[in-house]
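Peer 1: File name structure.cif; file contents mmCIF, C-alpha atoms; full text below.
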data_entry
loop_
_atom_site.label_atom_id
_atom_site.label_comp_id
_atom_site.auth_asym_id
_atom_site.auth_seq_id
_atom_site.Cartn_x
_atom_site.Cartn_y
_atom_site.Cartn_z
CA LYS A 1 0.00 0.00 0.00
CA ILE A 2 2.79 2.42 0.88
CA MET A 3 4.70 1.65 -2.32
CA LYS A 4 1.57 2.18 -4.43
CA LYS A 5 0.89 5.48 -2.68
CA LEU A 6 4.45 6.75 -3.19
CA ILE A 7 4.35 5.88 -6.90
CA SER A 8 0.91 7.48 -7.31
CA VAL A 9 2.11 10.79 -5.83
CA GLY A 10 5.11 10.83 -8.17
CA ILE A 11 8.10 9.81 -6.08
CA LYS A 12 11.43 10.37 -7.92
CA ARG A 13 14.99 9.07 -7.64
CA ASN A 14 16.02 12.31 -5.92
CA SER A 15 13.13 12.21 -3.43
CA ASN A 16 13.84 11.97 0.31
CA LEU A 17 11.65 9.83 2.57
CA ILE A 18 11.22 11.14 6.12
CA ALA A 19 10.45 8.73 8.97
CA ILE A 20 9.02 10.11 12.23
CA GLY A 21 8.41 7.41 14.81
CA GLY A 22 9.91 4.35 16.45
CA GLY A 23 11.58 1.19 15.23
CA ILE A 24 8.65 -0.13 13.18
CA ILE A 25 8.36 3.12 11.21
CA GLN A 26 12.15 3.06 10.82
CA ASP A 27 12.17 -0.50 9.43
CA ILE A 28 9.33 0.13 6.99
CA THR A 29 10.78 3.43 5.72
CA GLY A 30 14.35 2.15 5.47
CA PHE A 31 13.28 -1.01 3.65
CA ILE A 32 11.13 0.91 1.14
CA ALA A 33 13.87 3.53 0.62
CA SER A 34 16.36 0.74 -0.11
CA ILE A 35 14.32 -0.95 -2.85
CA ILE A 36 12.47 1.87 -4.62
CA PHE A 37 14.57 3.02 -7.62
CA ARG A 38 17.25 0.70 -6.16
CA GLY A 39 17.71 3.16 -3.30
CA ILE A 40 16.76 6.74 -2.41
CA ASN A 41 17.76 8.89 0.57
CA TRP A 42 15.79 8.86 3.80
CA THR A 43 15.91 10.84 7.06
CA PHE A 44 14.95 9.59 10.52
CA TYR A 45 13.45 11.43 13.50
CA PRO A 46 13.28 8.72 16.21
CA THR A 47 10.53 9.39 18.77
CA THR A 48 11.01 6.49 21.23
CA LEU A 49 13.77 5.83 23.73
CA LEU A 50 14.48 2.48 22.08
CA ALA A 51 14.90 4.10 18.65
CA GLN A 52 16.93 7.05 19.98
CA GLY A 53 19.37 4.87 21.92
CA ASP A 54 19.57 1.82 19.67
CA SER A 55 17.88 1.21 16.35
CA CYS A 56 18.49 4.61 14.73
CA ILE A 57 22.09 3.61 13.94
CA GLY A 58 23.36 0.35 12.48
CA GLY A 59 21.61 0.40 9.14
CA LYS A 60 19.47 -2.72 9.53
CA THR A 61 16.05 -2.73 7.90
CA SER A 62 14.02 -5.80 8.84
CA VAL A 63 10.39 -6.75 8.28
CA ASN A 64 8.48 -9.79 9.48
CA PHE A 65 7.32 -12.45 7.04
CA GLY A 66 4.53 -14.81 8.02
CA ILE A 67 5.10 -15.96 11.59
CA ALA A 68 8.85 -15.32 11.51
CA LYS A 69 10.42 -12.11 12.83
CA ASN A 70 12.91 -10.06 10.78
CA LYS A 71 13.17 -12.57 7.91
CA LEU A 72 13.33 -9.94 5.15
CA GLY A 73 15.63 -6.94 5.09
CA ASN A 74 19.01 -5.47 4.27
CA PHE A 75 21.44 -2.78 5.42
CA TYR A 76 20.40 0.73 4.41
CA PRO A 77 21.06 3.49 6.98
CA PRO A 78 19.35 6.88 6.93
CA LYS A 79 21.27 9.80 5.44
CA LYS A 80 20.56 11.92 8.53
CA ILE A 81 19.26 11.25 12.06
CA TYR A 82 17.86 13.95 14.36
CA LEU A 83 17.63 13.21 18.10
CA TYR A 84 15.14 15.28 20.09
CA SER A 85 14.64 14.11 23.68
CA ASN A 86 11.41 16.09 24.19
CA PHE A 87 9.66 13.42 22.10
CA LEU A 88 10.13 11.10 25.08
CA LYS A 89 7.82 13.21 27.26
CA GLY A 90 4.83 11.85 25.35
CA LEU A 91 5.65 8.19 25.97
CA ARG A 92 3.85 5.85 28.36
CA LYS A 93 5.86 4.48 31.30
CA LYS A 94 5.73 1.02 29.69
CA ASP A 95 7.45 2.40 26.57
CA ILE A 96 10.13 4.14 28.64
CA MET A 97 10.84 0.93 30.55
CA SER A 98 10.92 -0.99 27.26
CA GLY A 99 13.57 1.41 26.01
CA LEU A 100 15.58 0.99 29.19
CA GLY A 101 15.38 -2.80 28.82
CA GLU A 102 16.89 -2.64 25.34
CA LEU A 103 19.56 -0.08 26.22
CA ALA A 104 20.62 -2.05 29.31
CA HIS A 105 21.95 -4.77 27.05
CA TYR A 106 24.52 -2.40 25.49
CA TYR A 107 25.87 -1.46 28.90
CA LEU A 108 26.10 -5.13 29.91
CA ILE A 109 27.94 -5.94 26.68
CA SER A 110 30.32 -2.99 27.12
CA GLY A 111 31.78 -3.86 30.51
CA SER A 112 31.66 -3.24 34.26
CA LYS A 113 32.40 0.51 34.04
CA ASP A 114 29.47 1.17 31.71
CA TRP A 115 27.20 -1.24 33.60
CA LYS A 116 27.88 0.69 36.83
CA LEU A 117 27.09 3.91 34.96
CA PHE A 118 23.78 2.47 33.72
CA LYS A 119 22.78 1.35 37.22
CA ASN A 120 23.46 4.84 38.57
CA HIS A 121 21.51 6.50 35.75
CA LEU A 122 18.61 4.05 36.23
CA LYS A 123 18.47 4.72 39.97
CA ASN A 124 18.48 8.48 39.36
CA PHE A 125 15.74 8.24 36.75
CA LEU A 126 13.50 6.02 38.90
CA ASN A 127 13.87 8.60 41.66
CA ASN A 128 13.25 11.48 39.22
CA PRO A 129 10.93 10.09 36.47
CA THR A 130 10.35 13.53 34.92
CA ASP A 131 14.06 14.20 34.37
CA PHE A 132 14.36 13.29 30.71
CA LYS A 133 17.93 14.59 30.56
CA ILE A 134 18.93 11.35 32.35
CA LEU A 135 17.34 9.33 29.53
CA GLU A 136 19.20 11.49 27.01
CA LYS A 137 22.49 10.57 28.69
CA ILE A 138 21.59 6.86 28.75
CA ALA A 139 20.60 6.90 25.07
CA PHE A 140 23.65 8.81 23.84
CA ARG A 141 26.14 6.59 25.66
CA SER A 142 24.27 3.54 24.34
CA LEU A 143 24.74 4.79 20.76
CA LYS A 144 28.47 5.28 21.35
CA ILE A 145 28.79 1.69 22.62
CA LYS A 146 26.87 0.35 19.62
CA LYS A 147 28.84 2.52 17.19
CA LYS A 148 32.13 0.99 18.37
CA ILE A 149 30.85 -2.54 17.69
CA ILE A 150 29.12 -1.98 14.35
CA GLU A 151 32.10 -0.11 12.91
CA LYS A 152 34.11 -3.32 13.39
CA ASP A 153 31.39 -5.55 11.88
CA GLU A 154 29.05 -3.48 9.71
CA PHE A 155 27.25 -6.40 8.07
CA ASP A 156 26.69 -8.64 11.09
CA ARG A 157 29.11 -11.46 10.23
CA GLY A 158 31.00 -11.88 13.49
CA LEU A 159 31.51 -9.53 16.45
CA ARG A 160 28.15 -7.84 15.94
CA LEU A 161 26.42 -11.13 16.76
CA ILE A 162 26.95 -10.36 20.44
CA LEU A 163 24.41 -7.54 20.08
CA ASN A 164 21.82 -10.33 19.87
CA TYR A 165 22.40 -10.94 23.59
CA GLY A 166 18.91 -11.38 25.09
CA HIS A 167 17.25 -11.08 21.69
CA SER A 168 16.71 -14.69 20.59
CA PHE A 169 14.81 -15.37 23.82
CA GLY A 170 13.19 -11.94 23.67
CA HIS A 171 11.83 -12.42 20.15
CA ALA A 172 10.26 -15.72 21.21
CA ILE A 173 8.56 -13.99 24.16
CA GLU A 174 7.24 -11.22 21.89
CA LYS A 175 5.74 -13.80 19.56
CA LEU A 176 4.24 -15.96 22.32
CA THR A 177 2.59 -12.96 23.99
CA ASN A 178 1.41 -11.50 20.66
CA HIS A 179 3.57 -8.44 21.44
CA ARG A 180 1.72 -7.66 24.68
CA ILE A 181 5.23 -7.61 26.12
CA PRO A 182 7.00 -4.97 23.98
CA HIS A 183 10.42 -5.51 22.47
CA GLY A 184 12.65 -3.89 25.09
CA LEU A 185 10.91 -5.60 28.02
CA ALA A 186 11.10 -8.92 26.14
CA VAL A 187 14.84 -8.32 25.72
CA ALA A 188 15.16 -7.67 29.48
CA HIS A 189 13.48 -11.04 30.06
CA GLY A 190 15.75 -12.53 27.39
CA MET A 191 18.92 -11.27 29.06
CA ASN A 192 17.89 -12.79 32.36
CA ILE A 193 17.15 -16.10 30.62
CA ALA A 194 20.53 -15.95 28.84
CA ASN A 195 22.25 -15.24 32.16
CA PHE A 196 20.39 -18.12 33.83
CA PHE A 197 21.47 -20.49 31.04
CA SER A 198 25.02 -19.15 31.47
CA TYR A 199 24.93 -19.76 35.23
CA LYS A 200 23.53 -23.28 34.80
CA LEU A 201 26.16 -24.10 32.17
CA LYS A 202 28.86 -22.88 34.58
CA LEU A 203 29.83 -19.89 32.43
CA MET A 204 28.69 -17.24 34.94
CA SER A 205 28.84 -17.21 38.73
CA HIS A 206 25.62 -17.37 40.73
CA ASP A 207 26.48 -14.09 42.49
CA GLU A 208 26.87 -12.22 39.20
CA PHE A 209 23.66 -13.72 37.84
CA LYS A 210 21.74 -12.53 40.93
CA ASP A 211 23.37 -9.09 40.87
CA ILE A 212 22.34 -8.44 37.24
CA GLU A 213 18.89 -9.91 37.88
CA LYS A 214 18.37 -7.43 40.71
CA THR A 215 18.76 -4.52 38.27
CA LEU A 216 16.64 -6.15 35.55
CA LYS A 217 13.83 -6.56 38.12
CA GLU A 218 13.73 -2.77 38.40
CA ILE A 219 12.90 -2.63 34.68
CA VAL A 220 10.59 -5.62 34.13
CA ASN A 221 8.40 -7.98 36.17
CA LEU A 222 10.17 -11.30 35.62
CA LYS A 223 7.15 -13.26 36.91
CA GLN A 224 4.93 -12.23 34.00
CA ILE A 225 6.14 -15.06 31.75
CA CYS A 226 5.94 -17.85 34.35
CA ASN A 227 2.89 -19.49 32.75
CA MET A 228 4.45 -19.62 29.30
CA LYS A 229 4.42 -23.05 27.60
CA VAL A 230 8.00 -24.26 27.28
CA THR A 231 7.27 -26.43 24.20
CA ASP A 232 5.83 -23.43 22.35
CA PHE A 233 8.77 -21.28 23.43
CA VAL A 234 11.37 -23.77 22.16
CA LYS A 235 9.45 -24.25 18.90
CA ILE A 236 9.59 -20.51 18.20
CA LEU A 237 13.21 -20.29 19.36
CA LYS A 238 14.11 -22.88 16.69
CA GLN A 239 12.86 -20.44 14.02
CA ASP A 240 15.47 -17.83 14.98
CA LYS A 241 17.45 -16.98 11.86
CA LYS A 242 20.77 -17.76 13.58
CA ASN A 243 19.78 -21.39 14.23
CA LEU A 244 20.30 -24.36 11.92
CA LYS A 245 18.11 -27.49 12.25
CA ASN A 246 18.48 -28.70 15.85
CA ASN A 247 21.42 -26.41 16.59
CA PHE A 248 20.65 -23.45 18.85
CA LYS A 249 23.15 -20.60 18.47
CA LEU A 250 22.72 -18.55 21.63
CA ILE A 251 24.50 -15.46 22.92
CA LEU A 252 25.38 -16.28 26.51
CA SER A 253 27.64 -14.56 29.03
CA LYS A 254 30.70 -15.26 31.14
CA GLY A 255 29.98 -12.05 33.04
CA VAL A 256 29.52 -8.35 32.38
CA GLY A 257 31.32 -7.45 29.14
CA LYS A 258 32.07 -11.10 28.31
CA MET A 259 29.42 -12.28 25.85
CA ILE A 260 30.04 -15.46 23.86
CA VAL A 261 28.34 -17.44 21.09
CA LYS A 262 27.31 -20.82 22.47
CA ASN A 263 26.04 -23.68 20.31
CA ILE A 264 23.67 -26.16 21.95
CA ASN A 265 22.90 -29.11 19.68
CA ASN A 266 20.17 -30.66 21.78
CA SER A 267 16.65 -29.25 22.09
CA LYS A 268 16.11 -31.36 25.23
CA VAL A 269 18.88 -29.42 26.97
CA VAL A 270 17.30 -26.09 25.98
CA THR A 271 13.85 -27.32 27.08
CA LYS A 272 15.17 -28.45 30.49
CA LEU A 273 17.03 -25.18 31.08
CA MET A 274 13.92 -23.20 30.16
CA LYS A 275 11.72 -25.24 32.52
CA ASP A 276 14.22 -24.60 35.30
CA TYR A 277 14.24 -20.89 34.50
CA LEU A 278 10.46 -20.54 34.68
CA ALA A 279 10.45 -22.35 38.02
CA HIS A 280 13.16 -19.93 39.20
CA ALA A 281 11.24 -16.85 37.97
CA LYS A 282 8.19 -17.75 40.08
#
Go ahead and render the structure in this file as structure tokens.

Peer 2:
Amino acid sequence: KIMKKLISVGIKRNSNLIAIGGGIIQDITGFIASIIFRGINWTFYPTTLLAQGDSCIGGKTSVNFGIAKNKLGNFYPPKKIYLYSNFLKGLRKKDIMSGLGELAHYYLISGSKDWKLFKNHLKNFLNNPTDFKILEKIAFRSLKIKKKIIEKDEFDRGLRLILNYGHSFGHAIEKLTNHRIPHGLAVAHGMNIANFFSYKLKLMSHDEFKDIEKTLKEIVNLKQICNMKVTDFVKILKQDKKNLKNNFKLILSKGVGKMIVKNINNSKVVTKLMKDYLAHAK
């Protein structure tokens, strides 16, 4: 429908598409801009915390296809991005917390210094929920962390895979809840699941798992997925684009700043770990 409309109003090769919104608007606009006339310029005004501190850079354009998330897409970054933190004042609390859930994963990937910084910023914001300058600081530092990683692996072939920390599990939760749990909160759940798997597989200490979980609990209610069906969860997890047949390629952690790619070739192992996690989350 959008393509038909653009053609009917006379879009040209030198036209510029402008996207004002969050990640979904970004993905749709970027994808269309990349394929119409084999590519035209587009500009992005991100209006959500998640878009301002994460998705606006990196160049990925992904759209869902059937029941599978992010199956179609390419790399086509906007020509210009304008960040305006006053947009955040119109967001619901749930959307702010969703943004914080997503941005937390960059700080955890970065290392202990940044993770300490995030915890301090989070505490300050929860005590002063109208101080949007704190969110601006969180978002801008998050972009700098992401920038460092994507400049080393622009097309997602190696190092950038660690940015999927929390996301494979998170995408499955989004799908199972029909997106009632928004992306960033699903990622917060996903990070805690990844850390639990890491602890159970003796990659992460129990103390570090509990310490990170304590902060994640300030962002999301971990009990809200306790009644999820494990068989359905594992079935959806298998559809993740990183996985091959019965091989689960998961981003786990040896501690703050120490993410690793872990292959688990047995769905029974994943099912057992997930059952244990849900029992733990209760």

Peer 1: Mind running range 60-148 of chain A against range 168-181 of chain A at 12 Å and telling me each contacting residue's nearest atom pair with the distance in Å (one decimal), counting all atoms listed in the file, chain and number ascending, as CSV?

Peer 2:
residue,atom,partner,partner_atom,distance
A:Asn64,CA,A:Lys175,CA,11.2
A:Gly66,CA,A:Lys175,CA,11.6
A:Ile67,CA,A:Lys175,CA,8.3
A:Ala68,CA,A:Lys175,CA,8.8
A:Lys69,CA,A:His171,CA,7.5
A:Asn70,CA,A:His171,CA,9.7
A:Lys94,CA,A:Ile181,CA,9.4
A:Asp95,CA,A:Ile181,CA,10.3
A:Met97,CA,A:Ile181,CA,11.1
A:Ser98,CA,A:Ile181,CA,8.8
A:Gly101,CA,A:Gly170,CA,10.7
A:Glu102,CA,A:Gly170,CA,10.1
A:His105,CA,A:Gly170,CA,11.8

Peer 1: Give me, as a PyMOL selection string, all polymer residues having an atom no more than 10 Å from Met3 in chain A, counting only C-alpha atoms and skipping those fewer than 2 positions away in the same chain.

Peer 2: chain A and resi 1+5-8+11+32-33+35-36

Peer 1: Enter the distance from CA of Val261 in chain A to CA of Leu108 in chain A, in Å, rounded to one decimal.

Peer 2: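 Computing the Euclidean distance for CA of Val261 in chain A and CA of Leu108 in chain A yields 15.3 Å.
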
Peer 1: A:Pro182, A:Leu17, A:Lys268, A:Leu49: which is nearest Ile134 in chain A, counting only C-alpha atoms?

Peer 2: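 Using only C-alpha atoms, Ile134 in chain A sits closest to A:Leu49.
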
Peer 1: Taking 4 positions as the minimum chain separation for residues in the same chain, which residues sit within 7 Å of Gly166 in chain A when counting only C-alpha atoms? Answer as a PDB file with C-alpha atoms, keeping the file's coordinate frame.

Peer 2:
ATOM      1  CA  GLY A 170      13.190 -11.940  23.670  1.00  0.00           C
ATOM      2  CA  VAL A 187      14.840  -8.320  25.720  1.00  0.00           C
ATOM      3  CA  ALA A 188      15.160  -7.670  29.480  1.00  0.00           C
ATOM      4  CA  GLY A 190      15.750 -12.530  27.390  1.00  0.00           C
ATOM      5  CA  MET A 191      18.920 -11.270  29.060  1.00  0.00           C
ATOM      6  CA  ALA A 194      20.530 -15.950  28.840  1.00  0.00           C
TER       7      ALA A 194
END

Peer 1: Write out N, CA, C and O atoms for range 91-117 of chain A, as a CSV table (one decimal), in the frame of the given file.

Peer 2:
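To be explicit, this is the file written out as rebuild-v3.csv:
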chain,number,residue,atom,x,y,z
A,91,LEU,N,5.7,9.6,25.9
A,91,LEU,CA,5.6,8.2,26.0
A,91,LEU,C,5.0,7.7,27.3
A,91,LEU,O,5.1,8.3,28.3
A,92,ARG,N,4.4,6.5,27.2
A,92,ARG,CA,3.8,5.8,28.4
A,92,ARG,C,5.0,5.3,29.2
A,92,ARG,O,6.1,5.0,28.6
A,93,LYS,N,4.8,5.0,30.4
A,93,LYS,CA,5.9,4.5,31.3
A,93,LYS,C,6.3,3.1,30.7
A,93,LYS,O,7.5,2.8,30.8
A,94,LYS,N,5.4,2.3,30.2
A,94,LYS,CA,5.7,1.0,29.7
A,94,LYS,C,6.7,1.2,28.5
A,94,LYS,O,7.6,0.3,28.4
A,95,ASP,N,6.5,2.2,27.7
A,95,ASP,CA,7.4,2.4,26.6
A,95,ASP,C,8.8,2.9,27.0
A,95,ASP,O,9.8,2.5,26.4
A,96,ILE,N,8.8,3.7,28.1
A,96,ILE,CA,10.1,4.1,28.6
A,96,ILE,C,10.9,2.9,29.2
A,96,ILE,O,12.1,2.8,28.9
A,97,MET,N,10.2,2.1,29.9
A,97,MET,CA,10.8,0.9,30.6
A,97,MET,C,11.3,-0.1,29.5
A,97,MET,O,12.3,-0.7,29.6
A,98,SER,N,10.5,-0.1,28.4
A,98,SER,CA,10.9,-1.0,27.3
A,98,SER,C,12.2,-0.5,26.7
A,98,SER,O,13.1,-1.3,26.4
A,99,GLY,N,12.3,0.8,26.5
A,99,GLY,CA,13.6,1.4,26.0
A,99,GLY,C,14.7,1.1,26.9
A,99,GLY,O,15.8,0.8,26.5
A,100,LEU,N,14.5,1.3,28.2
A,100,LEU,CA,15.6,1.0,29.2
A,100,LEU,C,16.0,-0.5,29.2
A,100,LEU,O,17.2,-0.8,29.3
A,101,GLY,N,15.1,-1.4,28.9
A,101,GLY,CA,15.4,-2.8,28.8
A,101,GLY,C,16.3,-3.1,27.7
A,101,GLY,O,17.3,-3.8,27.8
A,102,GLU,N,16.0,-2.5,26.5
A,102,GLU,CA,16.9,-2.6,25.3
A,102,GLU,C,18.3,-2.0,25.6
A,102,GLU,O,19.3,-2.6,25.3
A,103,LEU,N,18.3,-0.8,26.1
A,103,LEU,CA,19.6,-0.1,26.2
A,103,LEU,C,20.5,-0.7,27.3
A,103,LEU,O,21.7,-0.7,27.2
A,104,ALA,N,19.8,-1.4,28.3
A,104,ALA,CA,20.6,-2.0,29.3
A,104,ALA,C,21.6,-3.1,28.7
A,104,ALA,O,22.7,-3.3,29.2
A,105,HIS,N,21.1,-3.7,27.6
A,105,HIS,CA,22.0,-4.8,27.0
A,105,HIS,C,23.3,-4.2,26.4
A,105,HIS,O,24.3,-4.9,26.5
A,106,TYR,N,23.3,-3.0,26.0
A,106,TYR,CA,24.5,-2.4,25.5
A,106,TYR,C,25.5,-2.2,26.6
A,106,TYR,O,26.7,-2.4,26.5
A,107,TYR,N,25.0,-1.7,27.7
A,107,TYR,CA,25.9,-1.5,28.9
A,107,TYR,C,26.4,-2.8,29.5
A,107,TYR,O,27.6,-2.8,29.9
A,108,LEU,N,25.6,-3.8,29.4
A,108,LEU,CA,26.1,-5.1,29.9
A,108,LEU,C,27.2,-5.7,29.0
A,108,LEU,O,28.1,-6.3,29.4
A,109,ILE,N,27.0,-5.5,27.7
A,109,ILE,CA,27.9,-5.9,26.7
A,109,ILE,C,29.2,-5.2,26.8
A,109,ILE,O,30.3,-5.7,26.7
A,110,SER,N,29.1,-3.9,27.1
A,110,SER,CA,30.3,-3.0,27.1
A,110,SER,C,31.3,-3.3,28.2
A,110,SER,O,32.5,-3.4,28.0
A,111,GLY,N,30.8,-3.6,29.4
A,111,GLY,CA,31.8,-3.9,30.5
A,111,GLY,C,31.3,-3.3,31.8
A,111,GLY,O,30.3,-2.6,31.9
A,112,SER,N,32.1,-3.6,32.9
A,112,SER,CA,31.7,-3.2,34.3
A,112,SER,C,31.6,-1.7,34.5
A,112,SER,O,30.7,-1.3,35.2
A,113,LYS,N,32.4,-0.9,33.9
A,113,LYS,CA,32.4,0.5,34.0
A,113,LYS,C,31.1,1.1,33.5
A,113,LYS,O,30.4,1.9,34.2
A,114,ASP,N,30.7,0.7,32.3
A,114,ASP,CA,29.5,1.2,31.7
A,114,ASP,C,28.2,0.6,32.4
A,114,ASP,O,27.2,1.3,32.6
A,115,TRP,N,28.3,-0.6,32.9
A,115,TRP,CA,27.2,-1.2,33.6
A,115,TRP,C,27.0,-0.5,34.9
A,115,TRP,O,25.8,-0.2,35.3
A,116,LYS,N,28.0,-0.1,35.6
A,116,LYS,CA,27.9,0.7,36.8
A,116,LYS,C,27.2,2.0,36.5
A,116,LYS,O,26.4,2.5,37.3
A,117,LEU,N,27.7,2.6,35.4
A,117,LEU,CA,27.1,3.9,35.0
A,117,LEU,C,25.6,3.8,34.7
A,117,LEU,O,24.8,4.6,35.1
